[in-house]
Amino acid sequence: MGEQKVNQVIELSREFQKEFETVIADLGDGLWKYCRYLTGSPWDGEDLYQETMLKTMGSLYQRWHVTNLKSYLYRIATNTWIDHCRREKRNLGTLSEDDLPTADFSDHLELEEALEQLFYLFTPKQTAVFLLKEIFQFNADEVASIIKTTPTAVYAATRRMKNKLKDMPEGNRSKTEPTESEHQVIQTYLKAIADGDVEGLLELFSDQPHYEASLGFLETTKDEIRNGSLQFGLPGHKAKQYILWGRPVIVVLSESENGPLIHDIQYQEIENGKIVMSRSYFFRREFIFAASKELGIPPQLNKPPVNWEKA
């Protein structure tokens with residue numbers, strides 16, 4: 001009876017997730033970009049986005065009403081990131097009310113370049129204030145409520161930051177190359193995907209695997225993988241290794257009349273010649289779309305059970 005009850009709760013939680021995704025559909029892209037620039041990295045931003053989604057879904061039962069869902073989501077993302085920085089003993093920064101003249105950005109391109117530098121030039125609180133006020137169009141009172149400061153401090157902080165960003169240095173993006181041992185494992189993994197070889201793929205995993213499709217499912221044994229997400233086999237798509245935002249990833253490609261489309265993006269961690277963690281971004285619309293722009297490969301919009309053509 002206990003196991004049956006747990007499985008019923010799991011099914012109900014999946015139904016709730018689908019409904020929740022429908023409700024936030026128009027807010028997801030902006031929230032993902034906010035998380036990306038707040039953390040200074042698409043990878044850390046994706047992690048923050050996922051944590052924000054899980055915290056939001058897990059906390060709604062505590063609210064009688066949510067009058068502004070956008071503000072609620074950005075508040076949770078901001079507080080989650082500030083808590084993370086606090087645990088790492090980063091300087092969170094203070095927001096004073098000094099009055100300074102404002103420097104304006106001359107064009108959109110200049111602003112895009114500035115966004116990439118916020119994490120490196122400012123404290124977490126300053127970065128959050130700038131993004132909320134200048135990019136995502138919250139008013140000063142709303143920003144003050146989210147950051148726990150005053151509207152005057154919000155105005156002053158954005159003025160100081162604009163002045164500093166006018167003379168910002170160029171960004172520096174590091175690049176991680178796989179080792180020879182990792183390269184051999186990944187090449188075998190790519191071949192298993194292309195051949196549709198489930199058992200050959202599972203052989204590459206450690207006996208304690210972590211196999212996850214973010215905001216989709218999590219499997220922690222080979223039997224769970226074999227009888228769960230891979231119960232219908234591998235689709236036999238082509239897969240190639242790319243460097244995405246400084247990190248080596250596997251891009252699974254589906255063929256179409258107009259050329260290859262991004263079906264999935266995966267990231268593996270390898271220790272002692274075995275895959276100990278594999279994360280798929282199959283269900284992550286905002287992430288896939290941003291990666292598609294970065295790699296110059298269109299995303300596959302209709303890939304059951306996902307259909308982003310209707311989004």
# chains A, B, ... in the order shown; residues from 1 in each chain; ligands from 1
call {"tool": "select_by_dssp", "arguments": {"residues": "region 51-283 of chain A", "states": "strand (DSSP E)", "output": "VMD selection string"}}
result
chain A and resid 205 to 213 217 to 219 238 to 244 247 to 256 259 to 271 274 to 280
call {"tool": "closest_atom_pairs", "arguments": {"of": "region 125-207 of chain A", "to": "region 258-268 of chain A", "cutoff": "12 Å", "atoms": "only C-alpha atoms", "output": "JSON lines"}}
result
{"residue": "A:Pro178", "atom": "CA", "partner": "A:Gln268", "partner_atom": "CA", "distance": 10.6}
{"residue": "A:Glu182", "atom": "CA", "partner": "A:Gln268", "partner_atom": "CA", "distance": 9.4}
{"residue": "A:His183", "atom": "CA", "partner": "A:Gln268", "partner_atom": "CA", "distance": 11.2}
{"residue": "A:Val185", "atom": "CA", "partner": "A:Gln268", "partner_atom": "CA", "distance": 10.1}
{"residue": "A:Ile186", "atom": "CA", "partner": "A:Gln268", "partner_atom": "CA", "distance": 8.5}
{"residue": "A:Tyr189", "atom": "CA", "partner": "A:Gln268", "partner_atom": "CA", "distance": 10.2}
{"residue": "A:Leu190", "atom": "CA", "partner": "A:Gln266", "partner_atom": "CA", "distance": 11.1}
{"residue": "A:Ile193", "atom": "CA", "partner": "A:Asp264", "partner_atom": "CA", "distance": 11.7}
{"residue": "A:Leu204", "atom": "CA", "partner": "A:Gln268", "partner_atom": "CA", "distance": 11.1}
{"residue": "A:Phe205", "atom": "CA", "partner": "A:Gln268", "partner_atom": "CA", "distance": 10.2}
{"residue": "A:Ser206", "atom": "CA", "partner": "A:Gln268", "partner_atom": "CA", "distance": 12.0}
call {"tool": "closest_atom_pairs", "arguments": {"of": "region 131-246 of chain A", "to": "region 21-31 of chain A", "cutoff": "12 Å", "atoms": "only C-alpha atoms", "output": "JSON lines"}}
result
{"residue": "A:Leu131", "atom": "CA", "partner": "A:Leu31", "partner_atom": "CA", "distance": 10.8}
{"residue": "A:Leu132", "atom": "CA", "partner": "A:Leu31", "partner_atom": "CA", "distance": 10.4}
{"residue": "A:Ile135", "atom": "CA", "partner": "A:Gly30", "partner_atom": "CA", "distance": 9.6}
{"residue": "A:Phe136", "atom": "CA", "partner": "A:Gly30", "partner_atom": "CA", "distance": 7.6}
{"residue": "A:Gln137", "atom": "CA", "partner": "A:Gly30", "partner_atom": "CA", "distance": 11.0}
{"residue": "A:Leu215", "atom": "CA", "partner": "A:Glu21", "partner_atom": "CA", "distance": 10.4}
{"residue": "A:Gly216", "atom": "CA", "partner": "A:Glu21", "partner_atom": "CA", "distance": 11.8}
call {"tool": "residues_around", "arguments": {"residues": "Leu202 (chain A)", "least_positions_apart": "2", "cutoff": "10 Å", "atoms": "only C-alpha atoms", "output": "count of residues only"}}
result
17
call {"tool": "atom_distance", "arguments": {"atom1": "CA of Arg160 (chain A)", "atom2": "CA of Ile82 (chain A)"}}
result
20.6 Å
call {"tool": "residues_around", "arguments": {"residues": "Leu118 (chain A)", "least_positions_apart": "2", "cutoff": "8 Å", "atoms": "only C-alpha atoms", "output": "ChimeraX atom specification"}}
result
/A:37-38,40,114-116,120-122,127
call {"tool": "write_last_selection", "arguments": {"atoms": "all heavy atoms", "output": "JSON list (two decimals), in the first residue's frame"}}
result
[["chain", "number", "residue", "atom", "x", "y", "z"],
["A", 37, "TYR", "N", 22.49, 35.84, -16.64],
["A", 37, "TYR", "CA", 23.30, 37.04, -16.42],
["A", 37, "TYR", "C", 23.57, 37.28, -14.93],
["A", 37, "TYR", "O", 24.60, 37.84, -14.56],
["A", 37, "TYR", "CB", 22.63, 38.25, -17.06],
["A", 37, "TYR", "CG", 22.59, 38.15, -18.57],
["A", 37, "TYR", "CD1", 21.40, 38.26, -19.27],
["A", 37, "TYR", "CD2", 23.76, 37.94, -19.29],
["A", 37, "TYR", "CE1", 21.37, 38.16, -20.65],
["A", 37, "TYR", "CE2", 23.73, 37.84, -20.68],
["A", 37, "TYR", "CZ", 22.53, 37.95, -21.35],
["A", 37, "TYR", "OH", 22.51, 37.85, -22.72],
["A", 38, "LEU", "N", 22.65, 36.85, -14.08],
["A", 38, "LEU", "CA", 22.85, 37.01, -12.65],
["A", 38, "LEU", "C", 24.02, 36.17, -12.16],
["A", 38, "LEU", "O", 24.83, 36.61, -11.35],
["A", 38, "LEU", "CB", 21.56, 36.61, -11.90],
["A", 38, "LEU", "CG", 21.55, 36.79, -10.38],
["A", 38, "LEU", "CD1", 21.65, 38.27, -10.03],
["A", 38, "LEU", "CD2", 20.26, 36.20, -9.80],
["A", 40, "GLY", "N", 26.39, 34.90, -14.22],
["A", 40, "GLY", "CA", 27.57, 35.09, -15.06],
["A", 40, "GLY", "C", 27.90, 33.92, -15.95],
["A", 40, "GLY", "O", 28.96, 33.88, -16.56],
["A", 114, "ALA", "N", 27.53, 44.54, -22.19],
["A", 114, "ALA", "CA", 27.58, 44.89, -20.78],
["A", 114, "ALA", "C", 26.99, 43.77, -19.92],
["A", 114, "ALA", "O", 27.52, 43.46, -18.84],
["A", 114, "ALA", "CB", 26.82, 46.19, -20.55],
["A", 115, "LEU", "N", 25.91, 43.15, -20.38],
["A", 115, "LEU", "CA", 25.26, 42.10, -19.60],
["A", 115, "LEU", "C", 26.21, 40.94, -19.31],
["A", 115, "LEU", "O", 26.14, 40.32, -18.25],
["A", 115, "LEU", "CB", 24.02, 41.59, -20.34],
["A", 115, "LEU", "CG", 22.85, 42.56, -20.45],
["A", 115, "LEU", "CD1", 21.72, 41.94, -21.26],
["A", 115, "LEU", "CD2", 22.35, 42.97, -19.08],
["A", 116, "GLU", "N", 27.09, 40.65, -20.27],
["A", 116, "GLU", "CA", 28.03, 39.55, -20.09],
["A", 116, "GLU", "C", 29.04, 39.84, -18.99],
["A", 116, "GLU", "O", 29.70, 38.93, -18.47],
["A", 116, "GLU", "CB", 28.78, 39.28, -21.41],
["A", 116, "GLU", "CG", 27.89, 38.84, -22.56],
["A", 116, "GLU", "CD", 27.42, 37.40, -22.42],
["A", 116, "GLU", "OE1", 27.88, 36.70, -21.50],
["A", 116, "GLU", "OE2", 26.58, 36.98, -23.25],
["A", 120, "TYR", "N", 31.19, 39.84, -13.25],
["A", 120, "TYR", "CA", 32.61, 40.05, -12.95],
["A", 120, "TYR", "C", 32.89, 41.43, -12.36],
["A", 120, "TYR", "O", 33.91, 41.64, -11.70],
["A", 120, "TYR", "CB", 33.44, 39.85, -14.22],
["A", 120, "TYR", "CG", 33.24, 38.49, -14.84],
["A", 120, "TYR", "CD1", 32.37, 38.32, -15.92],
["A", 120, "TYR", "CD2", 33.87, 37.37, -14.33],
["A", 120, "TYR", "CE1", 32.15, 37.07, -16.48],
["A", 120, "TYR", "CE2", 33.65, 36.11, -14.88],
["A", 120, "TYR", "CZ", 32.80, 35.98, -15.95],
["A", 120, "TYR", "OH", 32.58, 34.74, -16.49],
["A", 121, "LEU", "N", 32.01, 42.38, -12.60],
["A", 121, "LEU", "CA", 32.27, 43.76, -12.18],
["A", 121, "LEU", "C", 31.53, 44.18, -10.92],
["A", 121, "LEU", "O", 31.93, 45.15, -10.27],
["A", 121, "LEU", "CB", 31.89, 44.72, -13.32],
["A", 121, "LEU", "CG", 32.70, 44.61, -14.61],
["A", 121, "LEU", "CD1", 32.13, 45.56, -15.67],
["A", 121, "LEU", "CD2", 34.17, 44.92, -14.36],
["A", 122, "PHE", "N", 30.45, 43.45, -10.57],
["A", 122, "PHE", "CA", 29.60, 43.92, -9.49],
["A", 122, "PHE", "C", 29.26, 42.81, -8.50],
["A", 122, "PHE", "O", 29.45, 41.63, -8.78],
["A", 122, "PHE", "CB", 28.31, 44.52, -10.06],
["A", 122, "PHE", "CG", 28.54, 45.62, -11.05],
["A", 122, "PHE", "CD1", 28.36, 45.42, -12.41],
["A", 122, "PHE", "CD2", 28.98, 46.87, -10.63],
["A", 122, "PHE", "CE1", 28.59, 46.42, -13.33],
["A", 122, "PHE", "CE2", 29.21, 47.89, -11.54],
["A", 122, "PHE", "CZ", 29.02, 47.67, -12.89],
["A", 127, "THR", "N", 24.17, 43.37, -9.19],
["A", 127, "THR", "CA", 23.81, 42.72, -10.46],
["A", 127, "THR", "C", 22.31, 42.48, -10.54],
["A", 127, "THR", "O", 21.68, 42.74, -11.57],
["A", 127, "THR", "CB", 24.57, 41.38, -10.61],
["A", 127, "THR", "OG1", 25.97, 41.63, -10.58],
["A", 127, "THR", "CG2", 24.20, 40.69, -11.91]]
call {"tool": "atom_distance", "arguments": {"atom1": "CA of Phe287 (chain A)", "atom2": "CA of Glu46 (chain A)"}}
result
7.0 Å
call {"tool": "closest_residue", "arguments": {"among": "A:Thr52, A:Gln17, A:Ser41, A:Asn227", "to": "Leu244 (chain A)", "atoms": "only C-alpha atoms"}}
result
A:Ser41
call {"tool": "closest_residue", "arguments": {"among": "A:Ala128, A:Ile297, A:Met53, A:Leu234", "to": "Arg36 (chain A)", "atoms": "only C-alpha atoms"}}
result
A:Ala128
call {"tool": "select_by_dssp", "arguments": {"residues": "region 42-282 of chain A", "states": "alpha helix (DSSP H)", "output": "VMD selection string"}}
result
chain A and resid 42 to 59 69 to 87 108 to 115 118 to 121 124 to 130 140 to 147 151 to 165 180 to 195 198 to 203 222 to 227
call {"tool": "atom_distance", "arguments": {"atom1": "CA of Arg86 (chain A)", "atom2": "CA of Ser145 (chain A)"}}
result
19.0 Å
call {"tool": "residues_around", "arguments": {"residues": "Thr150 (chain A)", "least_positions_apart": "3", "cutoff": "9 Å", "atoms": "only C-alpha atoms", "output": "mmCIF file with N, CA and C atoms, in the first residue's frame"}}
result
data_model
loop_
_atom_site.group_PDB
_atom_site.id
_atom_site.type_symbol
_atom_site.label_atom_id
_atom_site.label_comp_id
_atom_site.auth_asym_id
_atom_site.auth_seq_id
_atom_site.Cartn_x
_atom_site.Cartn_y
_atom_site.Cartn_z
ATOM 1 N N LEU A 95 23.858 48.626 -0.886
ATOM 2 C CA LEU A 95 23.272 49.552 -1.858
ATOM 3 C C LEU A 95 23.039 50.895 -1.169
ATOM 4 N N GLU A 97 22.502 55.219 -1.141
ATOM 5 C CA GLU A 97 21.579 56.112 -1.833
ATOM 6 C C GLU A 97 22.280 57.340 -2.414
ATOM 7 N N ALA A 140 11.055 50.584 -9.485
ATOM 8 C CA ALA A 140 11.987 50.678 -8.359
ATOM 9 C C ALA A 140 11.398 50.114 -7.073
ATOM 10 N N ASP A 141 10.095 50.311 -6.864
ATOM 11 C CA ASP A 141 9.461 49.768 -5.660
ATOM 12 C C ASP A 141 9.485 48.241 -5.660
ATOM 13 N N VAL A 143 11.640 46.294 -7.298
ATOM 14 C CA VAL A 143 13.032 45.856 -7.120
ATOM 15 C C VAL A 143 13.436 45.984 -5.658
ATOM 16 N N ALA A 144 13.080 47.073 -5.032
ATOM 17 C CA ALA A 144 13.415 47.284 -3.621
ATOM 18 C C ALA A 144 12.818 46.186 -2.750
ATOM 19 N N SER A 145 11.603 45.760 -3.084
ATOM 20 C CA SER A 145 10.955 44.692 -2.320
ATOM 21 C C SER A 145 11.669 43.363 -2.508
ATOM 22 N N ILE A 147 14.898 42.872 -3.485
ATOM 23 C CA ILE A 147 16.276 42.915 -2.985
ATOM 24 C C ILE A 147 16.335 43.267 -1.507
ATOM 25 N N ALA A 153 17.895 53.700 -3.254
ATOM 26 C CA ALA A 153 19.128 52.927 -3.419
ATOM 27 C C ALA A 153 19.142 52.200 -4.763
ATOM 28 N N VAL A 154 17.961 51.770 -5.213
ATOM 29 C CA VAL A 154 17.855 51.107 -6.526
ATOM 30 C C VAL A 154 18.269 52.071 -7.625
ATOM 31 N N TYR A 155 17.727 53.299 -7.594
ATOM 32 C CA TYR A 155 18.084 54.297 -8.604
ATOM 33 C C TYR A 155 19.571 54.619 -8.559
#
call {"tool": "decode", "arguments": {"residues": "region 246-264 of chain A", "atoms": "N, CA and C atoms", "output": "JSON list (two decimals), in the first residue's frame"}}
result
[["chain", "number", "residue", "atom", "x", "y", "z"],
["A", 246, "GLY", "N", 32.17, 26.99, -23.32],
["A", 246, "GLY", "CA", 33.38, 26.57, -22.64],
["A", 246, "GLY", "C", 33.38, 25.15, -22.10],
["A", 247, "ARG", "N", 32.31, 24.39, -22.33],
["A", 247, "ARG", "CA", 32.21, 23.04, -21.76],
["A", 247, "ARG", "C", 31.94, 22.03, -22.88],
["A", 248, "PRO", "N", 32.66, 20.89, -22.86],
["A", 248, "PRO", "CA", 32.38, 19.86, -23.89],
["A", 248, "PRO", "C", 31.04, 19.19, -23.65],
["A", 249, "VAL", "N", 30.22, 19.13, -24.69],
["A", 249, "VAL", "CA", 28.91, 18.50, -24.59],
["A", 249, "VAL", "C", 28.69, 17.59, -25.79],
["A", 250, "ILE", "N", 27.71, 16.73, -25.67],
["A", 250, "ILE", "CA", 27.26, 15.91, -26.79],
["A", 250, "ILE", "C", 25.96, 16.50, -27.31],
["A", 251, "VAL", "N", 25.92, 16.78, -28.60],
["A", 251, "VAL", "CA", 24.71, 17.28, -29.24],
["A", 251, "VAL", "C", 24.14, 16.16, -30.09],
["A", 252, "VAL", "N", 22.93, 15.73, -29.75],
["A", 252, "VAL", "CA", 22.23, 14.68, -30.52],
["A", 252, "VAL", "C", 21.42, 15.38, -31.60],
["A", 253, "LEU", "N", 21.64, 14.96, -32.84],
["A", 253, "LEU", "CA", 21.06, 15.65, -34.00],
["A", 253, "LEU", "C", 20.03, 14.78, -34.71],
["A", 254, "SER", "N", 18.91, 15.39, -35.02],
["A", 254, "SER", "CA", 17.87, 14.74, -35.80],
["A", 254, "SER", "C", 17.90, 15.32, -37.22],
["A", 255, "GLU", "N", 17.82, 14.47, -38.20],
["A", 255, "GLU", "CA", 17.85, 14.93, -39.59],
["A", 255, "GLU", "C", 16.47, 15.43, -40.03],
["A", 256, "SER", "N", 16.46, 16.48, -40.84],
["A", 256, "SER", "CA", 15.22, 17.02, -41.39],
["A", 256, "SER", "C", 15.47, 17.40, -42.84],
["A", 257, "GLU", "N", 14.42, 17.83, -43.54],
["A", 257, "GLU", "CA", 14.57, 18.24, -44.94],
["A", 257, "GLU", "C", 15.51, 19.43, -45.08],
["A", 258, "ASN", "N", 15.61, 20.22, -44.03],
["A", 258, "ASN", "CA", 16.43, 21.43, -44.07],
["A", 258, "ASN", "C", 17.77, 21.27, -43.35],
["A", 259, "GLY", "N", 18.12, 20.01, -43.04],
["A", 259, "GLY", "CA", 19.40, 19.78, -42.39],
["A", 259, "GLY", "C", 19.23, 19.32, -40.95],
["A", 260, "PRO", "N", 20.33, 19.20, -40.20],
["A", 260, "PRO", "CA", 20.25, 18.69, -38.83],
["A", 260, "PRO", "C", 19.57, 19.66, -37.87],
["A", 261, "LEU", "N", 18.88, 19.09, -36.88],
["A", 261, "LEU", "CA", 18.22, 19.86, -35.83],
["A", 261, "LEU", "C", 18.70, 19.34, -34.48],
["A", 262, "ILE", "N", 18.78, 20.22, -33.50],
["A", 262, "ILE", "CA", 19.19, 19.79, -32.16],
["A", 262, "ILE", "C", 18.05, 19.04, -31.50],
["A", 263, "HIS", "N", 18.26, 17.74, -31.29],
["A", 263, "HIS", "CA", 17.29, 16.88, -30.62],
["A", 263, "HIS", "C", 17.51, 16.90, -29.10],
["A", 264, "ASP", "N", 18.76, 16.88, -28.71],
["A", 264, "ASP", "CA", 19.11, 16.84, -27.29],
["A", 264, "ASP", "C", 20.52, 17.37, -27.12]]
